[in-house]
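The structure under discussion appears below in the form of structure tokens.
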Amino acid sequence: MNLLQEDWATQLEADRDAVILDVRTEDEYNEGIIDSAINIDIHKAQDFVEAIEALDKDKNYYVYCRSGARSAKACEIMNKLGIENAFNLTGGMMGWNGDVVSP
């Protein structure tokens, strides 16, 4: 599900089962992240699938990338792998005006 930043951030803040997932490359991740995000690079296809399959399917995942395109694809893959609650940050980090921290 695609969410605009305001909705994504508001829903995330109220969610006790939230996991923030950064699907960018390691280099992009190291440039700055949304606080407490974990990195699973979508470009590492098989590793990405295996890492997603290992996640708790009962949690809610708030997914982002640089622009929102890779994270939208990641959410589709997550849905196919049994994770029903995957929320894409529309516009990604390029549109993010919240806090960014070092990993």
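Every chain in the structure tokens takes a letter, A first, then B, and so on in the order presented; its residues are numbered from 1, and the ligands are numbered from 1 following the presented order.
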Checklist entry - What's the 12 Å shell around Glu26 (chain A), counting only C-alpha atoms, without same-chain residues fewer than 2 positions away, as a VMD selection string? => result chain A and resid 22 to 24 28 to 33 38 to 44 65 103
I need the chosen residues saved as an mmCIF file, in the first residue's frame, with N, CA and C atoms.
data_model
loop_
_atom_site.group_PDB
_atom_site.id
_atom_site.type_symbol
_atom_site.label_atom_id
_atom_site.label_comp_id
_atom_site.auth_asym_id
_atom_site.auth_seq_id
_atom_site.Cartn_x
_atom_site.Cartn_y
_atom_site.Cartn_z
ATOM 1 N N ASP A 22 14.519 -0.406 5.017
ATOM 2 C CA ASP A 22 15.197 0.375 3.983
ATOM 3 C C ASP A 22 15.685 -0.619 2.933
ATOM 4 N N VAL A 23 15.189 -0.499 1.694
ATOM 5 C CA VAL A 23 15.547 -1.473 0.661
ATOM 6 C C VAL A 23 16.588 -0.929 -0.319
ATOM 7 N N ARG A 24 17.286 0.138 0.072
ATOM 8 C CA ARG A 24 18.327 0.719 -0.777
ATOM 9 C C ARG A 24 19.621 -0.090 -0.670
ATOM 10 N N GLU A 28 23.832 3.630 -0.102
ATOM 11 C CA GLU A 28 22.748 4.589 0.120
ATOM 12 C C GLU A 28 22.327 4.583 1.593
ATOM 13 N N TYR A 29 22.207 3.407 2.159
ATOM 14 C CA TYR A 29 21.830 3.245 3.567
ATOM 15 C C TYR A 29 22.811 3.991 4.467
ATOM 16 N N ASN A 30 24.101 3.868 4.162
ATOM 17 C CA ASN A 30 25.129 4.497 4.994
ATOM 18 C C ASN A 30 25.141 6.022 4.895
ATOM 19 N N GLU A 31 24.458 6.572 3.892
ATOM 20 C CA GLU A 31 24.368 8.030 3.750
ATOM 21 C C GLU A 31 23.372 8.636 4.738
ATOM 22 N N GLY A 32 22.517 7.830 5.321
ATOM 23 C CA GLY A 32 21.527 8.318 6.275
ATOM 24 C C GLY A 32 20.233 7.556 6.146
ATOM 25 N N ILE A 33 19.598 7.297 7.293
ATOM 26 C CA ILE A 33 18.387 6.471 7.324
ATOM 27 C C ILE A 33 17.302 7.121 8.180
ATOM 28 N N ILE A 38 16.005 -1.069 9.261
ATOM 29 C CA ILE A 38 16.923 -2.158 8.941
ATOM 30 C C ILE A 38 17.074 -2.204 7.423
ATOM 31 N N ASN A 39 18.237 -2.600 6.963
ATOM 32 C CA ASN A 39 18.539 -2.576 5.536
ATOM 33 C C ASN A 39 18.495 -3.978 4.944
ATOM 34 N N ILE A 40 17.653 -4.136 3.924
ATOM 35 C CA ILE A 40 17.642 -5.347 3.104
ATOM 36 C C ILE A 40 17.604 -4.857 1.655
ATOM 37 N N ASP A 41 18.728 -4.964 0.962
ATOM 38 C CA ASP A 41 18.891 -4.428 -0.388
ATOM 39 C C ASP A 41 18.080 -5.242 -1.400
ATOM 40 N N ILE A 42 17.115 -4.578 -2.039
ATOM 41 C CA ILE A 42 16.265 -5.262 -3.013
ATOM 42 C C ILE A 42 17.048 -5.693 -4.251
ATOM 43 N N HIS A 43 18.185 -5.045 -4.530
ATOM 44 C CA HIS A 43 18.988 -5.415 -5.697
ATOM 45 C C HIS A 43 19.686 -6.763 -5.526
ATOM 46 N N LYS A 44 19.761 -7.251 -4.296
ATOM 47 C CA LYS A 44 20.360 -8.572 -4.051
ATOM 48 C C LYS A 44 19.223 -9.586 -4.057
ATOM 49 N N CYS A 65 12.771 3.618 -0.027
ATOM 50 C CA CYS A 65 13.999 3.595 -0.814
ATOM 51 C C CYS A 65 14.333 5.053 -1.143
ATOM 52 N N PRO A 103 23.317 5.350 10.304
ATOM 53 C CA PRO A 103 23.033 3.977 10.737
ATOM 54 C C PRO A 103 24.014 3.505 11.789
#
Residues flagged alpha helix (DSSP H) by DSSP in region 2-91 of chain A, as a PyMOL selection string: chain A and resi 5-14+26-30+45-53+69-80
Notebook entry, point to check: Hey, what's within 12 Å of region 2-6 of chain A if we count only C-alpha atoms and toss same-chain stuff fewer than 6 positions away? As a PyMOL selection string, please?
Noted result: chain A and resi 12-13+61-64+67-69+71-76+85-98
Just-selected residues, N, CA and C atoms written as a CSV table (one decimal), in the first residue's frame:
chain,number,residue,atom,x,y,z
A,12,LEU,N,3.0,5.0,11.3
A,12,LEU,CA,4.2,4.3,11.9
A,12,LEU,C,4.3,4.7,13.4
A,13,GLU,N,4.1,5.9,13.7
A,13,GLU,CA,4.2,6.4,15.1
A,13,GLU,C,3.2,5.7,16.0
A,61,TYR,N,5.2,-3.6,8.1
A,61,TYR,CA,6.5,-3.1,7.6
A,61,TYR,C,6.3,-1.8,6.9
A,62,TYR,N,7.1,-0.8,7.2
A,62,TYR,CA,7.1,0.5,6.6
A,62,TYR,C,8.4,0.6,5.8
A,63,VAL,N,8.2,0.6,4.5
A,63,VAL,CA,9.3,0.4,3.5
A,63,VAL,C,9.6,1.6,2.8
A,64,TYR,N,10.9,1.9,2.6
A,64,TYR,CA,11.3,3.1,1.8
A,64,TYR,C,12.6,2.8,1.0
A,67,SER,N,13.5,6.9,-4.0
A,67,SER,CA,12.4,7.6,-4.7
A,67,SER,C,11.0,7.0,-4.5
A,68,GLY,N,10.9,5.8,-4.0
A,68,GLY,CA,9.6,5.1,-3.8
A,68,GLY,C,9.4,4.0,-4.8
A,69,ALA,N,10.2,3.9,-5.8
A,69,ALA,CA,10.0,2.9,-6.8
A,69,ALA,C,10.4,1.5,-6.4
A,71,SER,N,10.9,0.5,-3.3
A,71,SER,CA,10.1,0.1,-2.1
A,71,SER,C,8.7,-0.3,-2.5
A,72,ALA,N,8.2,0.3,-3.6
A,72,ALA,CA,6.9,-0.2,-4.1
A,72,ALA,C,7.0,-1.6,-4.6
A,73,LYS,N,8.1,-1.9,-5.3
A,73,LYS,CA,8.3,-3.3,-5.8
A,73,LYS,C,8.5,-4.2,-4.6
A,74,ALA,N,9.3,-3.7,-3.6
A,74,ALA,CA,9.5,-4.6,-2.4
A,74,ALA,C,8.2,-4.9,-1.7
A,75,CYS,N,7.3,-4.0,-1.6
A,75,CYS,CA,6.0,-4.2,-1.0
A,75,CYS,C,5.2,-5.3,-1.7
A,76,GLU,N,5.3,-5.2,-3.1
A,76,GLU,CA,4.6,-6.3,-3.9
A,76,GLU,C,5.2,-7.6,-3.6
A,85,ASN,N,0.9,-6.6,5.6
A,85,ASN,CA,1.0,-5.2,5.9
A,85,ASN,C,2.3,-4.6,5.6
A,86,ALA,N,2.5,-4.2,4.3
A,86,ALA,CA,3.7,-3.6,3.9
A,86,ALA,C,3.3,-2.2,3.3
A,87,PHE,N,3.9,-1.1,3.9
A,87,PHE,CA,3.4,0.2,3.5
A,87,PHE,C,4.6,1.0,2.8
A,88,ASN,N,4.4,1.3,1.6
A,88,ASN,CA,5.5,2.0,0.8
A,88,ASN,C,5.4,3.5,1.1
A,89,LEU,N,6.6,4.1,1.3
A,89,LEU,CA,6.7,5.6,1.5
A,89,LEU,C,6.8,6.2,0.1
A,90,THR,N,5.7,6.8,-0.3
A,90,THR,CA,5.6,7.5,-1.6
A,90,THR,C,6.6,8.6,-1.7
A,91,GLY,N,7.5,8.6,-2.7
A,91,GLY,CA,8.5,9.7,-2.8
A,91,GLY,C,9.8,9.3,-2.1
A,92,GLY,N,9.8,8.3,-1.3
A,92,GLY,CA,11.0,7.8,-0.7
A,92,GLY,C,11.8,8.9,0.1
A,93,MET,N,13.1,8.7,0.2
A,93,MET,CA,14.0,9.6,0.9
A,93,MET,C,14.1,10.9,0.2
A,94,MET,N,13.9,11.0,-1.1
A,94,MET,CA,14.0,12.3,-1.8
A,94,MET,C,12.9,13.2,-1.4
A,95,GLY,N,11.7,12.7,-0.9
A,95,GLY,CA,10.6,13.5,-0.5
A,95,GLY,C,10.5,13.6,1.0
A,96,TRP,N,11.4,12.9,1.7
A,96,TRP,CA,11.3,12.8,3.2
A,96,TRP,C,11.7,14.1,3.8
A,97,ASN,N,10.9,14.7,4.7
A,97,ASN,CA,11.4,15.9,5.4
A,97,ASN,C,11.4,15.7,6.9
A,98,GLY,N,11.4,14.4,7.3
A,98,GLY,CA,11.6,14.1,8.7
A,98,GLY,C,13.0,13.9,9.1
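Between CA of Asp17 (chain A) and CA of Glu84 (chain A) the interatomic distance comes to 12.9 Å.
Distance annotation: of A:Asp7, A:Asp27, A:Glu53, A:Asp35, the residue with the minimal separation from Gly82 (chain A) is A:Glu53; atom set is only C-alpha atoms.
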